[in-house]
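Here is data-v1.pdb, consisting of PDB, C-alpha atoms:
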ATOM      1  CA  MET A   1     -78.029 -60.106-135.675
ATOM      2  CA  ILE A   2     -74.628 -60.400-137.359
ATOM      3  CA  GLU A   3     -72.515 -63.139-135.751
ATOM      4  CA  TYR A   4     -69.419 -62.718-137.904
ATOM      5  CA  LEU A   5     -68.226 -61.303-141.218
ATOM      6  CA  LYS A   6     -66.070 -63.338-143.572
ATOM      7  CA  GLY A   7     -64.739 -61.716-146.692
ATOM      8  CA  ASN A   8     -61.965 -59.756-148.368
ATOM      9  CA  LEU A   9     -60.077 -57.183-146.323
ATOM     10  CA  THR A  10     -60.107 -54.200-148.684
ATOM     11  CA  ASP A  11     -58.757 -51.537-146.302
ATOM     12  CA  LEU A  12     -57.167 -51.561-142.865
ATOM     13  CA  THR A  13     -56.123 -48.942-140.305
ATOM     14  CA  PRO A  14     -55.294 -49.540-136.612
ATOM     15  CA  ALA A  15     -58.898 -48.563-135.739
ATOM     16  CA  LEU A  16     -60.977 -49.681-138.745
ATOM     17  CA  ALA A  17     -61.183 -52.654-141.084
ATOM     18  CA  ILE A  18     -63.281 -52.663-144.254
ATOM     19  CA  VAL A  19     -64.467 -56.166-145.074
ATOM     20  CA  GLU A  20     -66.162 -56.818-148.406
ATOM     21  CA  CYS A  21     -68.795 -59.559-148.311
ATOM     22  CA  HIS A  22     -70.671 -60.279-151.557
ATOM     23  CA  GLY A  23     -70.163 -56.793-152.941
ATOM     24  CA  VAL A  24     -70.961 -54.931-149.700
ATOM     25  CA  GLY A  25     -68.130 -53.204-147.801
ATOM     26  CA  TYR A  26     -68.621 -53.241-144.034
ATOM     27  CA  GLY A  27     -66.710 -50.695-141.931
ATOM     28  CA  VAL A  28     -65.773 -52.490-138.719
ATOM     29  CA  ASN A  29     -64.224 -50.830-135.659
ATOM     30  CA  ILE A  30     -61.324 -52.929-134.362
ATOM     31  CA  SER A  31     -58.818 -53.052-131.484
ATOM     32  CA  LEU A  32     -55.035 -53.035-131.904
ATOM     33  CA  ASN A  33     -54.984 -56.761-131.027
ATOM     34  CA  THR A  34     -57.293 -57.504-133.955
ATOM     35  CA  TYR A  35     -55.351 -55.131-136.201
ATOM     36  CA  SER A  36     -52.135 -57.080-135.462
ATOM     37  CA  ALA A  37     -53.892 -60.411-135.985
ATOM     38  CA  ILE A  38     -55.348 -59.590-139.426
ATOM     39  CA  GLN A  39     -52.592 -57.357-140.830
ATOM     40  CA  GLY A  40     -51.295 -58.640-144.156
ATOM     41  CA  ARG A  41     -54.256 -60.960-144.771
ATOM     42  CA  GLN A  42     -56.501 -60.823-147.823
ATOM     43  CA  GLU A  43     -59.413 -62.793-146.428
ATOM     44  CA  VAL A  44     -60.562 -62.364-142.827
ATOM     45  CA  LYS A  45     -63.222 -63.570-140.437
ATOM     46  CA  LEU A  46     -64.245 -61.089-137.746
ATOM     47  CA  TRP A  47     -66.572 -61.871-134.850
ATOM     48  CA  VAL A  48     -69.010 -58.989-134.632
ATOM     49  CA  SER A  49     -70.823 -56.974-131.999
ATOM     50  CA  GLU A  50     -73.447 -54.504-133.228
ATOM     51  CA  SER A  51     -74.068 -51.160-131.573
ATOM     52  CA  ILE A  52     -77.368 -49.608-132.646
ATOM     53  CA  ARG A  53     -78.370 -46.164-131.433
ATOM     54  CA  GLU A  54     -80.713 -43.472-132.747
ATOM     55  CA  ASP A  55     -77.843 -41.543-134.288
ATOM     56  CA  ALA A  56     -75.459 -44.363-135.244
ATOM     57  CA  TYR A  57     -75.152 -47.978-136.339
ATOM     58  CA  GLN A  58     -71.689 -49.349-135.623
ATOM     59  CA  LEU A  59     -70.008 -52.695-136.047
ATOM     60  CA  TRP A  60     -67.215 -53.788-133.721
ATOM     61  CA  GLY A  61     -65.061 -56.645-134.970
ATOM     62  CA  PHE A  62     -62.693 -59.062-133.259
ATOM     63  CA  SER A  63     -60.239 -61.654-134.549
ATOM     64  CA  THR A  64     -61.249 -64.114-131.816
ATOM     65  CA  ARG A  65     -64.488 -65.027-130.112
ATOM     66  CA  ALA A  66     -62.809 -64.586-126.703
ATOM     67  CA  GLU A  67     -61.966 -60.949-127.470
ATOM     68  CA  ARG A  68     -65.575 -60.289-128.453
ATOM     69  CA  GLU A  69     -66.843 -61.901-125.246
ATOM     70  CA  LEU A  70     -64.526 -59.679-123.189
ATOM     71  CA  PHE A  71     -65.719 -56.628-125.143
ATOM     72  CA  LEU A  72     -69.353 -57.508-124.370
ATOM     73  CA  LEU A  73     -68.515 -58.005-120.686
ATOM     74  CA  LEU A  74     -66.672 -54.674-120.518
ATOM     75  CA  THR A  75     -69.520 -52.762-122.162
ATOM     76  CA  SER A  76     -71.962 -54.296-119.653
ATOM     77  CA  VAL A  77     -70.163 -52.355-116.888
ATOM     78  CA  SER A  78     -71.684 -48.963-116.091
ATOM     79  CA  GLY A  79     -69.443 -46.176-117.379
ATOM     80  CA  ILE A  80     -67.737 -48.319-120.045
ATOM     81  CA  GLY A  81     -68.800 -47.556-123.588
ATOM     82  CA  ALA A  82     -67.681 -49.338-126.744
ATOM     83  CA  SER A  83     -64.858 -46.851-127.375
ATOM     84  CA  ILE A  84     -63.332 -47.264-123.897
ATOM     85  CA  ALA A  85     -63.719 -51.051-124.136
ATOM     86  CA  ARG A  86     -61.739 -50.909-127.391
ATOM     87  CA  VAL A  87     -58.996 -48.832-125.720
ATOM     88  CA  ILE A  88     -58.756 -51.419-122.913
ATOM     89  CA  LEU A  89     -58.551 -54.275-125.433
ATOM     90  CA  SER A  90     -55.915 -52.346-127.406
ATOM     91  CA  SER A  91     -53.764 -51.809-124.308
ATOM     92  CA  MET A  92     -53.345 -55.477-123.364
ATOM     93  CA  THR A  93     -53.947 -58.955-124.726
ATOM     94  CA  VAL A  94     -57.139 -60.890-124.013
ATOM     95  CA  ASN A  95     -55.231 -63.251-121.695
ATOM     96  CA  GLU A  96     -53.556 -60.383-119.829
ATOM     97  CA  LEU A  97     -56.870 -58.580-119.333
ATOM     98  CA  ALA A  98     -58.541 -61.762-118.092
ATOM     99  CA  GLY A  99     -55.635 -62.241-115.654
ATOM    100  CA  ILE A 100     -55.744 -58.624-114.464
ATOM    101  CA  ILE A 101     -59.485 -58.850-113.720
ATOM    102  CA  SER A 102     -59.181 -62.292-112.086
ATOM    103  CA  ASP A 103     -56.324 -61.074-109.868
ATOM    104  CA  GLY A 104     -58.164 -57.857-108.953
ATOM    105  CA  ASN A 105     -55.245 -55.830-110.304
ATOM    106  CA  ASP A 106     -56.871 -52.386-110.487
ATOM    107  CA  LYS A 107     -53.428 -50.733-110.700
ATOM    108  CA  MET A 108     -52.867 -52.123-114.222
ATOM    109  CA  LEU A 109     -56.423 -51.199-115.274
ATOM    110  CA  LYS A 110     -55.873 -47.610-114.131
ATOM    111  CA  THR A 111     -52.922 -47.314-116.540
ATOM    112  CA  VAL A 112     -55.415 -47.424-119.427
ATOM    113  CA  LYS A 113     -56.350 -43.981-120.731
ATOM    114  CA  GLY A 114     -59.855 -43.027-119.568
ATOM    115  CA  ILE A 115     -60.020 -45.519-116.674
ATOM    116  CA  GLY A 116     -60.116 -43.956-113.224
ATOM    117  CA  PRO A 117     -59.944 -45.724-109.828
ATOM    118  CA  LYS A 118     -63.734 -46.100-109.458
ATOM    119  CA  VAL A 119     -64.249 -47.544-112.938
ATOM    120  CA  ALA A 120     -61.276 -49.897-112.487
ATOM    121  CA  GLN A 121     -62.786 -51.196-109.235
ATOM    122  CA  ARG A 122     -66.218 -51.538-110.860
ATOM    123  CA  ILE A 123     -64.766 -53.621-113.713
ATOM    124  CA  ILE A 124     -63.108 -55.977-111.231
ATOM    125  CA  VAL A 125     -66.128 -56.275-108.910
ATOM    126  CA  GLU A 126     -68.628 -56.851-111.731
ATOM    127  CA  LEU A 127     -66.541 -59.087-114.006
ATOM    128  CA  ARG A 128     -64.282 -61.108-111.719
ATOM    129  CA  ASP A 129     -66.705 -64.029-111.382
ATOM    130  CA  LYS A 130     -67.789 -63.886-115.021
ATOM    131  CA  ILE A 131     -64.242 -64.145-116.405
ATOM    132  CA  GLY A 132     -63.890 -67.741-115.199
ATOM    133  CA  SER A 133     -66.984 -68.857-117.118
ATOM    134  CA  LEU A 134     -65.461 -67.688-120.418
ATOM    135  CA  GLY A 135     -62.676 -70.256-120.128
ATOM    136  CA  ILE A 136     -60.028 -67.744-121.205
ATOM    137  CA  GLU A 137     -56.522 -68.691-120.142
ATOM    138  CA  THR A 138     -55.261 -65.924-117.883
ATOM    139  CA  ALA A 139     -51.812 -64.385-118.137
ATOM    140  CA  SER A 140     -51.320 -61.883-115.352
ATOM    141  CA  PRO A 141     -48.586 -59.376-116.164
ATOM    142  CA  GLN A 142     -47.845 -58.840-112.458
ATOM    143  CA  VAL A 143     -47.263 -62.551-111.869
ATOM    144  CA  ALA A 144     -45.261 -63.323-114.975
ATOM    145  CA  SER A 145     -42.412 -65.797-114.727
ATOM    146  CA  THR A 146     -40.150 -63.544-112.653
ATOM    147  CA  PRO A 147     -41.375 -63.242-109.052
ATOM    148  CA  THR A 148     -38.004 -61.779-107.971
ATOM    149  CA  VAL A 149     -38.557 -58.551-109.949
ATOM    150  CA  ASN A 150     -38.612 -55.427-107.746
ATOM    151  CA  LYS A 151     -42.351 -54.682-107.903
ATOM    152  CA  GLU A 152     -42.023 -51.127-106.574
ATOM    153  CA  VAL A 153     -39.459 -50.118-109.232
ATOM    154  CA  MET A 154     -41.498 -51.923-111.868
ATOM    155  CA  ASP A 155     -44.751 -50.114-110.978
ATOM    156  CA  GLU A 156     -43.019 -46.725-110.868
ATOM    157  CA  ALA A 157     -41.319 -47.250-114.226
ATOM    158  CA  ILE A 158     -44.538 -48.450-115.912
ATOM    159  CA  SER A 159     -46.454 -45.516-114.444
ATOM    160  CA  ALA A 160     -43.864 -42.998-115.691
ATOM    161  CA  LEU A 161     -43.704 -44.526-119.181
ATOM    162  CA  THR A 162     -47.506 -44.634-119.396
ATOM    163  CA  MET A 163     -47.618 -40.914-118.560
ATOM    164  CA  LEU A 164     -45.154 -40.376-121.402
ATOM    165  CA  GLY A 165     -47.733 -41.919-123.733
ATOM    166  CA  PHE A 166     -46.562 -45.522-124.084
ATOM    167  CA  SER A 167     -49.142 -48.349-123.976
ATOM    168  CA  PRO A 168     -49.161 -50.368-120.724
ATOM    169  CA  ALA A 169     -48.916 -53.880-122.226
ATOM    170  CA  PRO A 170     -45.712 -53.461-124.301
ATOM    171  CA  THR A 171     -44.263 -51.188-121.590
ATOM    172  CA  HIS A 172     -44.834 -53.896-118.985
ATOM    173  CA  LYS A 173     -43.007 -56.502-121.082
ATOM    174  CA  VAL A 174     -40.022 -54.218-121.719
ATOM    175  CA  VAL A 175     -39.736 -53.127-118.062
ATOM    176  CA  GLN A 176     -40.000 -56.720-116.903
ATOM    177  CA  LYS A 177     -37.227 -57.812-119.271
ATOM    178  CA  ILE A 178     -34.955 -54.992-118.068
ATOM    179  CA  LEU A 179     -35.554 -55.877-114.407
ATOM    180  CA  THR A 180     -35.005 -59.570-115.123
ATOM    181  CA  ASP A 181     -31.619 -58.747-116.665
ATOM    182  CA  GLU A 182     -30.760 -56.093-114.038
ATOM    183  CA  PRO A 183     -32.732 -56.821-110.844
ATOM    184  CA  ASP A 184     -31.059 -53.976-108.882
ATOM    185  CA  ALA A 185     -31.528 -51.262-111.528
ATOM    186  CA  PRO A 186     -32.991 -48.002-110.120
ATOM    187  CA  VAL A 187     -36.170 -46.507-111.614
ATOM    188  CA  GLU A 188     -34.271 -43.867-113.635
ATOM    189  CA  ARG A 189     -32.103 -46.492-115.362
ATOM    190  CA  VAL A 190     -35.103 -48.731-116.090
ATOM    191  CA  ILE A 191     -36.959 -45.788-117.698
ATOM    192  CA  LYS A 192     -33.918 -44.741-119.758
ATOM    193  CA  LEU A 193     -33.372 -48.291-121.028
ATOM    194  CA  ALA A 194     -37.089 -48.738-121.736
ATOM    195  CA  LEU A 195     -37.202 -45.522-123.795
ATOM    196  CA  LYS A 196     -34.527 -46.989-126.072
ATOM    197  CA  MET A 197     -36.447 -50.246-126.482
ATOM    198  CA  LEU A 198     -39.994 -48.968-126.925
TER
END

Let me see the file written as structure tokens.
Amino acid sequence: MIEYLKGNLTDLTPALAIVECHGVGYGVNISLNTYSAIQGRQEVKLWVSESIREDAYQLWGFSTRAERELFLLLTSVSGIGASIARVILSSMTVNELAGIISDGNDKMLKTVKGIGPKVAQRIIVELRDKIGSLGIETASPQVASTPTVNKEVMDEAISALTMLGFSPAPTHKVVQKILTDEPDAPVERVIKLALKML
């Protein structure tokens, strides 16, 4: 079993990193979080999860051990494959995801492409208790430092922007900032402002 790969980063795209270790180039599937973390580096260390099937042998790499642990937990849920787990981990940070699961926030999970209501509920039911044992600090987007934000307007704006193709995590931050600056802004204004900032 491969625990981690440490070597030269010879090629990098938002979905794949090629790490050369002692003359062998390993193609490693990565999330956007890992992509951001290793961008611009020459030497990297990626924590690895192996996926071995009859028709494929894939490596999934993560910049932190915590992200790999969350990936393994997600793929243990029925209906969540490695590709969907990567999409989830690309849509929000490790801390945000841990917070969303701990808080039972299925609404935020459903904003991820490919996650329906049943799967979102299953993730929460199956992983809620396990998240605590990982010791990951949680950062719930819904309970961020501004409790006075109009939650209804916020949810509507995030939902609309997600349908337009924007990722939930950055969208959430932008919408929250707008509503912090303009607490009484209607949904239309929030969306218009967010489109300029995203």

Report task. Work out how far apart CA of Leu12 (chain A) and CA of Leu74 (chain A) are and give it in Å to one decimal. Result -> 24.5 Å

Report task. Please evaluate the PyMOL selection byres ((chain A and resi 171-179) around 12) against the displayed coordinates and give the resulting residues as a count of residues only. Result -> 57

Requested in this report: Pull out every residue that the PyMOL selection byres ((chain A and resi 129-134) around 12) matches in the shown coordinates and put them as a ChimeraX atom specification.
Outcome: /A:65-74,76-77,94-104,123-128,135-138

Query raised in the report: Can you list, as number ranges by chain, the residues that the PyMOL selection byres ((chain A and resi 83) around 12) selects here?
Result: A: 15, 29-31, 51, 58-60, 71-72, 74-75, 79-82, 84-90, 113-115

Requested in this report: Give the answer as one residue: which of A:Ser49, A:Ser78, A:Thr10, A:Ser63 has the shortest atom-to-atom distance to Leu32 (chain A), using only C-alpha atoms?
Outcome: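 That would be A:Ser63, the residue with the smallest distance to Leu32 (chain A).
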
Query - Distance in Å - CA of Lys45 (chain A) versus CA of Thr64 (chain A) - result: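 Taking CA of Lys45 (chain A) as the start and CA of Thr64 (chain A) as the end point, the length is 8.9 Å.
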
Requested in this report: Write out as a PyMOL selection string which residues come within 12 Å of Tyr26 (chain A) when counting only C-alpha atoms, dropping same-chain ones fewer than 5 positions away.
Outcome: chain A and resi 2+4-12+16-21+46+48+50+57-61

Query - Interatomic distance, CA of Asn105 (chain A) to CA of Ala139 (chain A) (Å, one decimal) - result: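 Going from CA of Asn105 (chain A) over to CA of Ala139 (chain A) covers 12.1 Å.
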